[in-house]
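S.K.: Pasting protein.cif here (mmCIF, C-alpha atoms and all ligand atoms):
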```cif
data_coords
#
loop_
_atom_site.label_atom_id
_atom_site.label_comp_id
_atom_site.auth_asym_id
_atom_site.auth_seq_id
_atom_site.Cartn_x
_atom_site.Cartn_y
_atom_site.Cartn_z
CA GLU A 205 106.05 122.46 126.65
CA ILE A 206 107.44 123.88 123.43
CA LYS A 207 107.11 127.46 124.66
CA ASP A 208 109.06 126.59 127.83
CA LEU A 209 111.72 125.01 125.69
CA ILE A 210 111.99 128.06 123.46
CA ARG A 211 112.26 130.29 126.57
CA LEU A 212 115.04 128.09 127.92
CA VAL A 213 116.97 128.20 124.65
CA SER A 214 116.43 131.94 124.51
CA ASP A 215 117.78 132.38 128.09
CA ILE A 216 120.87 130.34 127.31
CA ALA A 217 121.43 132.36 124.14
CA ASN A 218 121.13 135.65 126.04
CA LYS A 219 123.35 134.57 128.93
CA ASN A 220 126.06 133.56 126.51
CA ASN A 221 125.48 136.50 124.20
CA ILE A 222 124.82 134.20 121.25
CA PRO A 223 122.17 135.27 118.73
CA ALA A 224 119.65 132.49 118.10
CA TYR A 225 116.70 132.04 115.75
CA LEU A 226 113.93 129.56 115.18
CA ILE A 227 114.06 128.56 111.57
CA GLY A 228 112.91 126.19 108.83
CA GLY A 229 110.09 123.70 109.12
CA PHE A 230 109.08 124.73 112.64
CA VAL A 231 108.41 128.31 111.55
CA ARG A 232 106.57 127.12 108.43
CA ASP A 233 104.31 124.83 110.42
CA LEU A 234 103.75 127.40 113.15
CA ILE A 235 102.27 129.73 110.54
CA LEU A 236 100.28 126.93 108.94
CA GLY A 237 98.96 125.82 112.32
CA VAL A 238 100.36 122.34 111.80
CA LYS A 239 101.84 120.38 114.72
CA ASN A 240 105.62 120.19 114.59
CA PHE A 241 107.72 118.99 117.51
CA ASP A 242 111.12 119.47 115.86
CA LEU A 243 112.60 122.81 116.80
CA ASP A 244 115.18 123.99 114.28
CA ILE A 245 117.46 126.62 115.77
CA VAL A 246 120.31 128.51 114.17
CA VAL A 247 122.87 129.99 116.51
CA GLU A 248 125.58 132.43 115.69
CA GLY A 249 128.31 130.64 117.61
CA ASP A 250 129.35 127.09 118.43
CA GLY A 251 126.14 125.12 117.91
CA ILE A 252 127.50 121.96 119.47
CA LYS A 253 128.61 123.70 122.66
CA PHE A 254 125.27 125.46 122.76
CA ALA A 255 123.44 122.13 122.45
CA GLU A 256 125.61 120.69 125.23
CA VAL A 257 124.46 123.45 127.56
CA ILE A 258 120.79 122.74 126.72
CA SER A 259 121.15 118.99 127.18
CA GLY A 260 123.04 119.55 130.45
CA LYS A 261 120.31 121.85 131.79
CA LEU A 262 117.56 119.43 130.85
CA ASN A 263 119.56 116.33 131.71
CA VAL A 264 118.74 114.67 128.40
CA GLY A 265 120.69 113.04 125.58
CA LEU A 266 122.54 114.70 122.74
CA ILE A 267 123.66 113.56 119.30
CA ARG A 268 126.58 115.49 117.84
CA HIS A 269 127.21 115.78 114.09
CA ARG A 270 130.66 117.34 114.27
CA ARG A 271 131.23 117.40 110.52
CA PHE A 272 128.26 119.70 110.06
CA GLY A 273 128.62 121.67 113.29
CA THR A 274 125.12 120.59 114.28
CA ALA A 275 123.65 118.71 117.20
CA THR A 276 120.31 117.24 118.15
CA VAL A 277 118.94 117.37 121.68
CA ILE A 278 116.35 114.67 122.23
CA LEU A 279 113.84 115.46 124.94
CA LYS A 280 111.21 112.83 124.42
CA LYS A 281 110.41 110.48 121.65
CA HIS A 282 108.38 113.11 119.85
CA LEU A 283 110.21 116.28 120.84
CA LYS A 284 113.65 117.30 119.66
CA VAL A 285 115.76 120.36 119.05
CA ASP A 286 118.18 120.63 116.14
CA ILE A 287 120.87 123.21 116.69
CA VAL A 288 122.68 124.45 113.61
CA THR A 289 125.84 126.50 113.74
CA ALA A 290 125.68 129.54 111.55
CA ARG A 291 129.18 129.93 110.24
CA GLN A 292 130.80 132.88 111.98
CA GLU A 293 131.91 134.63 108.84
CA TYR A 294 128.35 134.88 107.69
CA TYR A 295 127.34 137.09 110.54
CA PRO A 296 128.34 140.41 112.05
CA GLU A 297 129.10 140.80 115.74
CA ALA A 298 126.55 140.01 118.40
CA ALA A 299 126.42 143.67 119.25
CA HIS A 300 124.43 144.29 116.09
CA LEU A 301 121.56 142.31 117.45
CA PRO A 302 118.91 144.95 117.92
CA GLU A 303 119.03 145.80 114.23
CA VAL A 304 118.41 142.28 113.05
CA THR A 305 117.68 142.47 109.38
CA CYS A 306 117.68 139.97 106.56
CA GLY A 307 121.37 140.67 106.10
CA VAL A 308 122.26 138.86 109.33
CA LEU A 309 120.60 135.63 108.45
CA LYS A 310 120.39 135.92 104.72
CA ASP A 311 123.38 133.73 103.93
CA ASP A 312 122.06 130.92 106.06
CA LEU A 313 118.57 131.29 104.66
CA LEU A 314 119.88 131.44 101.09
CA ARG A 315 121.24 127.92 101.42
CA ARG A 316 117.77 126.57 102.15
CA ASP A 317 115.47 124.78 99.76
CA PHE A 318 112.23 126.73 99.42
CA THR A 319 110.88 130.11 100.43
CA ILE A 320 108.41 128.47 102.82
CA ASN A 321 111.34 126.83 104.64
CA ALA A 322 113.46 129.98 104.69
CA MET A 323 111.71 132.05 107.32
CA ALA A 324 113.04 132.73 110.80
CA ILE A 325 111.88 134.08 114.17
CA SER A 326 114.30 135.76 116.54
CA ILE A 327 114.42 134.38 120.08
CA ASN A 328 116.89 136.97 121.30
CA ARG A 329 115.82 139.05 124.28
CA GLN A 330 116.10 142.34 122.38
CA ASP A 331 113.66 141.41 119.63
CA PHE A 332 112.03 138.19 120.78
CA GLY A 333 109.41 137.05 118.29
CA ARG A 334 110.60 139.18 115.40
CA PHE A 335 109.62 137.53 112.14
CA ILE A 336 112.26 137.46 109.41
CA ASP A 337 111.10 136.67 105.90
CA CYS A 338 113.59 137.70 103.23
CA PHE A 339 112.19 135.74 100.31
CA GLY A 340 108.44 136.10 100.55
CA GLY A 341 107.87 132.76 102.25
CA SER A 342 104.73 133.88 104.07
CA GLN A 343 103.24 135.11 100.78
CA ASP A 344 103.99 131.74 99.20
CA LEU A 345 102.44 129.97 102.17
CA ALA A 346 99.30 132.06 101.72
CA ASN A 347 99.26 131.27 97.99
CA LYS A 348 100.06 127.59 98.66
CA GLU A 349 103.15 127.63 96.46
CA ILE A 350 106.50 125.86 96.56
CA ARG A 351 109.20 128.15 95.22
CA VAL A 352 112.98 127.75 95.09
CA LEU A 353 115.19 130.64 96.15
CA HIS A 354 117.28 130.79 92.98
CA ASN A 355 117.51 129.29 89.49
CA LEU A 356 120.31 126.84 90.27
CA SER A 357 118.67 125.38 93.37
CA PHE A 358 117.86 121.96 91.89
CA ILE A 359 121.28 121.77 90.23
CA ASP A 360 123.07 122.63 93.49
CA ASP A 361 121.12 119.96 95.34
CA PRO A 362 118.89 117.64 93.29
CA THR A 363 117.37 116.03 96.40
CA ARG A 364 115.29 119.20 96.47
CA ILE A 365 113.36 117.72 93.51
CA LEU A 366 112.04 115.06 95.87
CA ARG A 367 111.60 117.53 98.70
CA ALA A 368 109.54 119.86 96.48
CA ILE A 369 107.24 116.96 95.62
CA ARG A 370 106.99 115.93 99.25
CA PHE A 371 105.99 119.37 100.57
CA GLU A 372 103.69 120.04 97.62
CA GLN A 373 101.75 116.85 98.20
CA ARG A 374 101.79 117.04 101.99
CA TYR A 375 100.20 120.48 102.15
CA ASN A 376 98.19 120.27 98.91
CA PHE A 377 100.27 123.12 97.49
CA LYS A 378 101.49 123.60 93.92
CA ILE A 379 105.08 123.81 92.75
CA GLU A 380 104.84 127.27 91.14
CA PRO A 381 105.36 127.42 87.33
CA LYS A 382 108.94 128.72 87.24
CA THR A 383 110.09 126.27 89.92
CA LEU A 384 108.34 123.48 88.04
CA LYS A 385 110.19 124.45 84.87
CA LEU A 386 113.53 124.39 86.73
CA LEU A 387 112.63 121.05 88.25
CA ARG A 388 111.84 119.57 84.82
CA GLU A 389 115.12 120.94 83.44
CA ALA A 390 117.09 119.39 86.30
CA ASN A 391 115.29 116.15 85.64
CA ARG A 392 116.15 116.28 81.93
CA LEU A 393 119.77 116.61 82.98
CA LYS A 394 119.29 113.45 85.09
CA MET A 395 120.48 115.32 88.14
CA LEU A 396 119.05 112.79 90.59
CA GLU A 397 121.56 110.26 89.30
CA ARG A 398 124.37 112.43 90.57
CA VAL A 399 123.20 112.49 94.16
CA SER A 400 124.84 110.21 96.71
CA ARG A 401 122.83 107.05 97.27
CA GLU A 402 122.53 107.63 100.98
CA ARG A 403 120.95 111.04 100.47
CA LEU A 404 118.58 109.64 97.85
CA ARG A 405 117.62 106.84 100.21
CA ASP A 406 117.00 109.26 103.08
CA GLU A 407 114.75 111.48 100.96
CA LEU A 408 112.89 108.44 99.64
CA ILE A 409 112.32 107.25 103.20
CA LEU A 410 110.97 110.69 104.15
CA ILE A 411 108.49 110.44 101.27
CA LEU A 412 107.40 106.98 102.34
CA LYS A 413 107.01 108.20 105.91
CA GLU A 414 104.42 110.76 104.84
CA GLU A 415 100.89 110.17 106.10
CA ARG A 416 99.70 109.23 102.58
CA PRO A 417 102.74 108.32 100.50
CA LEU A 418 100.77 107.31 97.44
CA LYS A 419 100.19 111.00 96.66
CA PRO A 420 103.88 111.95 96.32
CA LEU A 421 104.57 108.64 94.57
CA ASN A 422 102.01 109.54 91.92
CA ARG A 423 103.67 112.92 91.49
CA ILE A 424 107.08 111.23 91.18
CA LYS A 425 105.61 109.04 88.46
CA GLU A 426 104.50 112.16 86.63
CA LEU A 427 107.59 114.32 87.12
CA THR A 428 110.71 112.18 87.47
CA ARG A 429 109.74 108.49 87.28
CA PHE A 430 111.44 105.95 89.47
CA ASP A 431 114.75 105.50 87.66
CA PHE A 432 116.57 106.85 90.69
CA ILE A 433 115.51 103.67 92.49
CA ASN A 434 115.58 101.19 89.61
CA SER A 435 114.97 101.62 85.88
CA GLY A 436 112.48 98.73 85.85
CA LEU A 437 110.28 100.31 88.50
CA SER A 438 106.91 101.91 87.74
CA LEU A 439 103.67 102.75 89.45
CA SER A 440 101.16 100.63 87.58
CA LYS A 441 97.49 100.40 88.46
CA LYS A 442 98.19 97.10 90.15
CA THR A 443 100.99 98.52 92.29
CA SER A 444 98.85 101.54 93.19
CA GLN A 445 96.08 99.26 94.32
CA PHE A 446 98.48 97.22 96.40
CA LEU A 447 99.81 100.39 98.03
CA LYS A 448 96.27 101.56 98.77
CA SER A 449 95.52 98.22 100.34
CA ILE A 450 98.72 98.50 102.42
CA GLU A 451 97.58 101.96 103.54
CA SER A 452 94.26 100.64 104.80
CA GLN A 453 95.90 97.67 106.54
CA ILE A 454 98.37 99.97 108.26
CA SER A 455 95.58 102.19 109.53
CA TRP A 456 93.65 99.11 110.67
CA PHE A 457 96.68 97.94 112.66
CA LYS A 458 97.38 101.38 114.16
CA ARG A 459 93.76 101.82 115.16
CA LYS A 460 93.47 98.38 116.67
CA TYR A 461 96.84 98.09 118.36
CA PRO A 462 98.06 101.57 119.30
CA LYS A 463 100.27 100.17 122.06
CA ARG A 464 102.11 97.49 120.09
CA ARG A 465 105.47 97.98 118.45
CA GLN A 466 105.16 100.74 115.88
CA LEU A 467 105.26 99.52 112.33
CA ASP A 468 108.05 100.70 110.07
CA THR A 469 105.44 102.02 107.69
CA TRP A 470 107.94 103.38 105.17
CA LEU A 471 109.48 99.93 104.82
CA THR A 472 106.07 98.32 104.38
CA TYR A 473 105.25 100.74 101.53
CA PHE A 474 108.68 100.31 100.05
CA ILE A 475 108.34 96.53 99.92
CA GLY A 476 104.92 97.03 98.31
CA LEU A 477 106.42 99.34 95.70
CA ILE A 478 109.29 97.05 94.71
CA ASP A 479 107.21 93.86 94.84
CA GLN A 480 106.93 94.11 91.03
CA LEU A 481 110.69 93.52 90.61
CA ASN A 482 112.51 90.22 90.61
CA ILE A 483 114.74 89.17 93.47
CA ASN A 484 117.96 90.14 91.66
CA ASN A 485 116.81 93.69 91.09
CA ILE A 486 115.65 93.89 94.69
CA LYS A 487 119.05 92.74 95.88
CA LEU A 488 120.63 95.44 93.73
CA ILE A 489 118.43 98.08 95.32
CA CYS A 490 119.27 96.86 98.83
CA LYS A 491 122.93 97.08 98.03
CA LYS A 492 122.63 100.47 96.38
CA PHE A 493 120.78 102.02 99.30
CA SER A 494 122.70 100.10 101.98
CA PHE A 495 119.66 99.38 104.07
CA ARG A 496 120.14 98.13 107.60
CA ARG A 497 120.31 94.39 108.13
CA GLY A 498 116.92 94.22 109.78
CA GLU A 499 115.39 96.11 106.86
CA GLU A 500 117.02 93.89 104.26
CA LYS A 501 115.85 90.82 106.13
CA ARG A 502 112.23 91.93 106.09
CA ILE A 503 112.44 92.81 102.38
CA ALA A 504 113.84 89.34 101.62
CA ALA A 505 111.37 87.58 103.93
CA TYR A 506 108.45 88.98 101.96
CA LYS A 507 109.93 88.32 98.54
CA LYS A 508 110.80 84.76 99.45
CA LEU A 509 107.38 83.82 100.83
CA ASN A 510 106.50 80.32 99.78
CA PRO A 511 103.22 80.11 97.77
CA LYS A 512 102.52 76.87 99.62
CA PHE A 513 102.51 78.82 102.84
CA ILE A 514 99.88 81.26 101.50
CA LYS A 515 97.80 78.32 100.29
CA GLU A 516 97.85 76.68 103.70
CA LEU A 517 97.07 79.92 105.46
CA SER A 518 94.09 80.39 103.15
CA GLN A 519 92.45 77.21 104.36
CA ASP A 520 89.54 77.43 106.67
CA LYS A 521 90.37 74.47 108.88
CA ILE A 522 93.85 75.00 110.11
CA LYS A 523 94.90 74.69 113.72
CA ALA A 524 95.75 77.79 115.72
CA SER A 525 99.16 76.33 116.50
CA GLU A 526 99.81 76.00 112.75
CA VAL A 527 98.87 79.64 112.12
CA PHE A 528 101.21 80.58 114.95
CA ARG A 529 103.99 78.48 113.52
CA PHE A 530 103.64 80.22 110.13
CA LEU A 531 103.28 83.78 111.29
CA GLU A 532 105.31 83.96 114.48
CA PRO A 533 108.71 84.08 112.76
CA LEU A 534 107.58 86.90 110.45
CA SER A 535 107.79 90.59 111.25
CA TYR A 536 104.63 92.66 111.67
CA GLU A 537 105.49 94.48 108.44
CA VAL A 538 105.56 91.25 106.44
CA ILE A 539 102.31 90.04 108.00
CA ILE A 540 100.61 93.34 107.14
CA LEU A 541 101.88 92.98 103.55
CA ILE A 542 100.42 89.47 103.33
CA LYS A 543 97.12 90.75 104.67
CA ALA A 544 97.15 93.58 102.13
CA LYS A 545 97.95 91.34 99.21
CA PHE A 546 95.85 88.21 99.70
CA LYS A 547 92.16 88.82 100.14
CA ASN A 548 91.09 85.27 100.98
CA SER A 549 88.71 85.54 103.93
CA SER A 550 90.17 82.62 105.90
CA LEU A 551 93.65 84.06 105.58
CA GLN A 552 92.35 87.44 106.77
CA LYS A 553 90.70 85.78 109.75
CA HIS A 554 93.81 83.78 110.68
CA ILE A 555 95.96 86.89 110.61
CA GLU A 556 93.45 88.87 112.67
CA ASP A 557 93.30 86.02 115.21
CA PHE A 558 97.06 85.92 115.28
CA PHE A 559 97.30 89.60 116.22
CA GLU A 560 94.32 89.46 118.55
CA ILE A 561 94.79 86.19 120.40
CA TYR A 562 97.83 84.09 119.64
CA ASN A 563 100.39 86.85 119.42
CA GLY A 564 99.84 87.70 123.10
CA THR A 565 99.57 84.12 124.32
CA HIS A 566 101.95 83.33 127.16
CA LEU A 567 102.41 80.29 129.32
CA TYR A 568 101.90 80.40 133.07
CA ILE A 569 104.78 78.02 133.61
CA SER A 570 108.40 79.06 133.52
CA GLY A 571 111.82 77.44 133.66
CA ALA A 572 111.61 77.52 137.47
CA ASP A 573 108.49 75.32 137.34
CA LEU A 574 110.30 72.76 135.19
CA HIS A 575 113.17 72.83 137.65
CA LYS A 576 110.80 72.26 140.56
CA LEU A 577 109.50 69.20 138.78
CA GLY A 578 113.03 67.86 138.95
CA LEU A 579 113.94 68.46 135.33
CA THR A 580 117.53 69.52 134.86
CA PRO A 581 117.84 72.52 132.49
CA GLY A 582 118.70 71.58 128.92
CA PRO A 583 117.71 72.12 125.31
CA TYR A 584 114.56 70.05 125.74
CA TYR A 585 113.15 72.87 127.93
CA GLN A 586 112.49 74.76 124.71
CA LYS A 587 110.81 71.74 123.16
CA ILE A 588 108.55 71.36 126.18
CA PHE A 589 107.57 75.03 126.16
CA HIS A 590 106.87 74.77 122.47
CA ARG A 591 104.59 71.80 122.88
CA VAL A 592 102.70 73.29 125.80
CA LEU A 593 102.27 76.55 123.90
CA ASN A 594 100.85 74.70 120.90
CA ALA A 595 98.43 72.85 123.16
CA LYS A 596 97.42 76.14 124.73
CA LEU A 597 96.88 77.81 121.33
CA ASP A 598 94.71 74.91 120.25
CA GLY A 599 92.68 75.19 123.45
CA LEU A 600 93.81 71.85 124.89
CA VAL A 601 95.20 73.37 128.08
CA LYS A 602 94.00 76.49 129.80
CA THR A 603 95.10 76.77 133.43
CA LYS A 604 98.53 76.57 135.06
CA LYS A 605 97.52 73.24 136.58
CA GLU A 606 96.77 71.85 133.12
CA GLU A 607 100.04 73.18 131.81
CA LEU A 608 101.90 71.39 134.64
CA GLU A 609 100.04 68.17 134.01
CA LEU A 610 100.95 68.26 130.37
CA ILE A 611 104.60 68.86 131.26
CA LYS A 612 104.61 65.84 133.52
CA LYS A 613 103.18 63.77 130.70
CA ILE A 614 105.75 65.08 128.25
CA SER A 615 108.66 64.53 130.63
CA GLU A 616 107.72 60.89 130.99
CA ASP A 617 108.11 60.53 127.25
CA LYS A 618 111.76 59.41 126.93
CA SER A 619 112.13 60.71 123.35
CA TYR A 620 112.18 64.26 124.79
CA GLY A 621 115.47 63.57 126.44
CA ALA A 622 114.35 64.92 129.81
CA LYS A 623 116.55 64.04 132.75
P1 LIG B 1 109.65 118.07 107.99
O1 LIG B 1 108.37 118.67 108.44
O2 LIG B 1 109.47 117.05 106.94
O3 LIG B 1 110.56 117.65 109.09
P2 LIG B 1 111.53 120.19 107.63
O4 LIG B 1 111.36 121.45 106.82
O5 LIG B 1 111.67 120.34 109.08
O6 LIG B 1 110.33 119.25 107.23
P3 LIG B 1 114.10 118.91 107.49
O7 LIG B 1 114.51 117.89 106.49
O8 LIG B 1 114.04 118.57 108.93
O9 LIG B 1 112.69 119.41 106.97
O10 LIG B 1 115.01 120.17 107.29
C1 LIG B 1 114.99 121.30 108.17
C2 LIG B 1 115.26 122.55 107.38
O11 LIG B 1 116.55 122.47 106.76
C3 LIG B 1 114.28 122.79 106.21
O12 LIG B 1 113.14 123.47 106.63
C4 LIG B 1 115.12 123.55 105.23
O13 LIG B 1 115.14 124.90 105.55
C5 LIG B 1 116.52 123.00 105.44
N1 LIG B 1 116.87 121.94 104.48
C6 LIG B 1 116.75 120.62 104.63
N2 LIG B 1 117.18 119.95 103.55
C7 LIG B 1 117.59 120.88 102.67
C8 LIG B 1 118.15 120.83 101.37
N3 LIG B 1 118.36 119.69 100.73
N4 LIG B 1 118.48 122.00 100.78
C9 LIG B 1 118.28 123.15 101.44
N5 LIG B 1 117.75 123.27 102.64
C10 LIG B 1 117.40 122.16 103.28
#
```
What does this structure look like when you write it as C-alpha cells?
M.R.:
Amino acid sequence: EIKDLIRLVSDIANKNNIPAYLIGGFVRDLILGVKNFDLDIVVEGDGIKFAEVISGKLNVGLIRHRRFGTATVILKKHLKVDIVTARQEYYPEAAHLPEVTCGVLKDDLLRRDFTINAMAISINRQDFGRFIDCFGGSQDLANKEIRVLHNLSFIDDPTRILRAIRFEQRYNFKIEPKTLKLLREANRLKMLERVSRERLRDELILILKEERPLKPLNRIKELTRFDFINSGLSLSKKTSQFLKSIESQISWFKRKYPKRRQLDTWLTYFIGLIDQLNINNIKLICKKFSFRRGEEKRIAAYKKLNPKFIKELSQDKIKASEVFRFLEPLSYEVIILIKAKFKNSSLQKHIEDFFEIYNGTHLYISGADLHKLGLTPGPYYQKIFHRVLNAKLDGLVKTKKEELELIKKISEDKSYGAK
C-alpha cells in the first residue's frame, strides 16, 4: 500500500516536473525496520498544490497549513502523507535533477532536529531510490546515537530537548556526549521556558503518546525536571508506581476491548502525572496549555472524585444499577484511572463488570413501543427508560415482554406523570 502510494507521488512529481523526496521519520524508520505510516515528502515547488493533486487522484481529504506551506493528505486512519514545500530559493532548477547531491536538499535538511531525522530518499524518476545522507545519519542510526546538526540547535528550538529524549528512549539510543552537553547547557539557560506553550504542550503530548511514556518521563526527571509544566511537579516513587499501574490498566483495556472507543492514553497518563498537584495548580496548567474542553472536563472529573463514591464502589454488596449510576457518567479514561489507583478487589470487580456487562446493556423497548402503549411522548419517557434499565441491570427483567410489563406497571403509577 505504501509502495503504491510512493509510486503515485513519484508519478505526479515527474509529470509536473517537481523534484520530490521522502524525508524525516519515514526514512529513519525504514532503515530501522520500524513500522511508520506517515510519509514525509519534501517537494521543490508548491507543496499545497501538489497535495491537492494527490488528494484529488485518490479522492481523499486534505488539510492545508497555508502559513507553513504544508499539507496533509489523509488516506485512512493510520496512513497519511505530509507534503512540505521546500522554499524555492533553497533549490536550483529542476533541470539539475540527475545530479542530486546534498547541496540540493541541504538547506532543508539543515533545519531538522537530529542526524537520524535528516536523511532523504529521492523519488524522482531519474534517480528513484537514491539515498541522501549529508550528516551521517545512517552511521548514527547504526551506533544508536541522537546527534544534533549544529551547536545552536537546542537554542534555536528548545522543543528539540524533549524530542531528543523522546527518540532516545523510544529506540533505546543514547544522546551522544556532545549533544548531551549542549542539551544541558540549553537547560541551564532555561530555554524551555521561552518556548510557546502550545508547542510545549504538543511535544509533551507526543511523549505521553509513546508506547511506554514512563521511560522518557524518567529521563526528563534526570535532565530537565518538570518545571516546564509546573514547578511543583516531580516524579516521585509514588507517582511512578501510579503511572506503572495506569500502564498495565491501559494494556488490560486494549487487550480486552480492542473494538471499543480508543482511550486517550496520553491524557490518562497526564492526569496520573499531575494527580500530585492541588486543584488550583491543575487549573493553572489547563489554562497554560489551553487543553480542549473535553480534555479539561476529564481532568477535572478525576480530580473532583468524591471519596464517598470510592468508598461505596469498594463495597462488596452494591447493586449493579448503583455501579452503573456511578460509572456511567464518567469517561473511560477516568474509570481506568480509578481502577489503576484503588486496588480494592470489590471495586476492581465492579469496574470489570461495568465494562463487560453493564456498559453494553441496552433495552429492547424503544420510544415507539411506549407510543404504541398509548403514552404521549414527554420527559417521563426518560424516567421510564431509566427505571427499566435499572431493573434490567439488576436482573429483574430480561425479555422484551418483561420490559413491556414493567412499563405498563410504571405508567399506571400516577407520580410518573404519564399521559
Ligand atoms: P514520529 O515517529 O514521532 O512521528 P517524526 O520524525 O516523523 O517522528 P514529526 O514530529 O512527525 O516526527 O516530524 C517530522 C520530521 O520533521 C522529523 O523527522 C524532523 O526531520 C522534522 N522536525 C520535526 N520537528 C522538528 C523540530 N522541532 N526541529 C527540527 N526538525 C523537526
S.K.: Could the residues of chain A that have an atom at most 7 Å from ligand LIG 1 (chain B) be listed as CSV, each with its closest atom pair and the distance in Å to one decimal, counting all atoms listed in the file and ordered by chain and ascending residue number?
M.R.:
```
residue,atom,partner,partner_atom,distance
A:Gly228,CA,B:LIG1,O12,3.5
A:Gly229,CA,B:LIG1,O4,3.5
A:Phe230,CA,B:LIG1,O5,6.2
A:Asn240,CA,B:LIG1,O1,6.9
A:Asp242,CA,B:LIG1,O5,6.9
A:Asp244,CA,B:LIG1,C1,6.7
A:Arg315,CA,B:LIG1,C9,5.6
A:Arg316,CA,B:LIG1,N5,3.3
A:Asp317,CA,B:LIG1,C9,3.7
A:Asn321,CA,B:LIG1,O12,4.3
A:Ala322,CA,B:LIG1,O13,5.4
A:Asp361,CA,B:LIG1,N3,6.1
A:Thr363,CA,B:LIG1,N3,5.8
A:Arg364,CA,B:LIG1,N3,5.3
```
S.K.: Can you list, as a list in words, every protein, DNA or RNA residue that comes within 9 Å of Cys490 of chain A when you count all atoms listed in the file, leaving out same-chain residues fewer than 4 positions away?
M.R.: Asn485, Ile486, Ser494, Phe495, Arg496, Glu499, Glu500 and Ile503 of chain A
S.K.: My list of candidates is A:Phe332, A:Phe377, A:Phe589, A:Phe371. Which is closest to Lys348 of chain A when distances are computed with only C-alpha atoms?
M.R.: A:Phe377
S.K.: One decimal, in Å: what's the spacing between atom CA of Arg270 of chain A and atom CA of Thr319 of chain A?
M.R.: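 Spanning atom CA of Arg270 of chain A to atom CA of Thr319 of chain A is a straight-line distance of 27.3 Å.
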S.K.: For the point (121.4, 133.8, 119.5) in the file's frame, write as a list in words all residues with an atom no more than 8 Å away, counting all atoms listed in the file.
M.R.: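 Nearby residues: Ser214, Ala217, Asn218, Asn221, Ile222, Pro223, Ala224, Tyr225, Val246, Val247, Glu248, Gly249, Ser326, Ile327 and Asn328 of chain A.
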S.K.: Pick from A:Leu421, A:Leu509, A:Leu593, A:Leu477: nearest to Thr443 of chain A, with only C-alpha atoms counted?
M.R.: A:Leu477
S.K.: Expressed in Å to a single decimal, how great is the separation between atom CA of Leu226 of chain A and atom CA of Ile325 of chain A?
M.R.: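 Rounded to one decimal, the two atoms are 5.1 Å apart.
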S.K.: Hey, what's within 8 Å of segment 544-550 of chain A if we count all atoms listed in the file and toss same-chain stuff fewer than 5 positions away? As a list in words, please?
M.R.: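 Returned residues: Phe446, Ser449, Ile450, Gln453, Leu517, Ser518, Gln519 and Asp520 of chain A.
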S.K.: Counting all atoms listed in the file, figure out which residue out of A:Ala324, A:Leu396, A:Ile522, A:Ile206 gets nearest to Leu597 of chain A.
M.R.: A:Ile522
S.K.: Kindly give the distance, in Å, that separates atom CA of Leu551 of chain A and atom CA of Ala524 of chain A, rounded to a single decimal.
M.R.: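 Interatomic distance, atom CA of Leu551 of chain A to atom CA of Ala524 of chain A: 12.1 Å.
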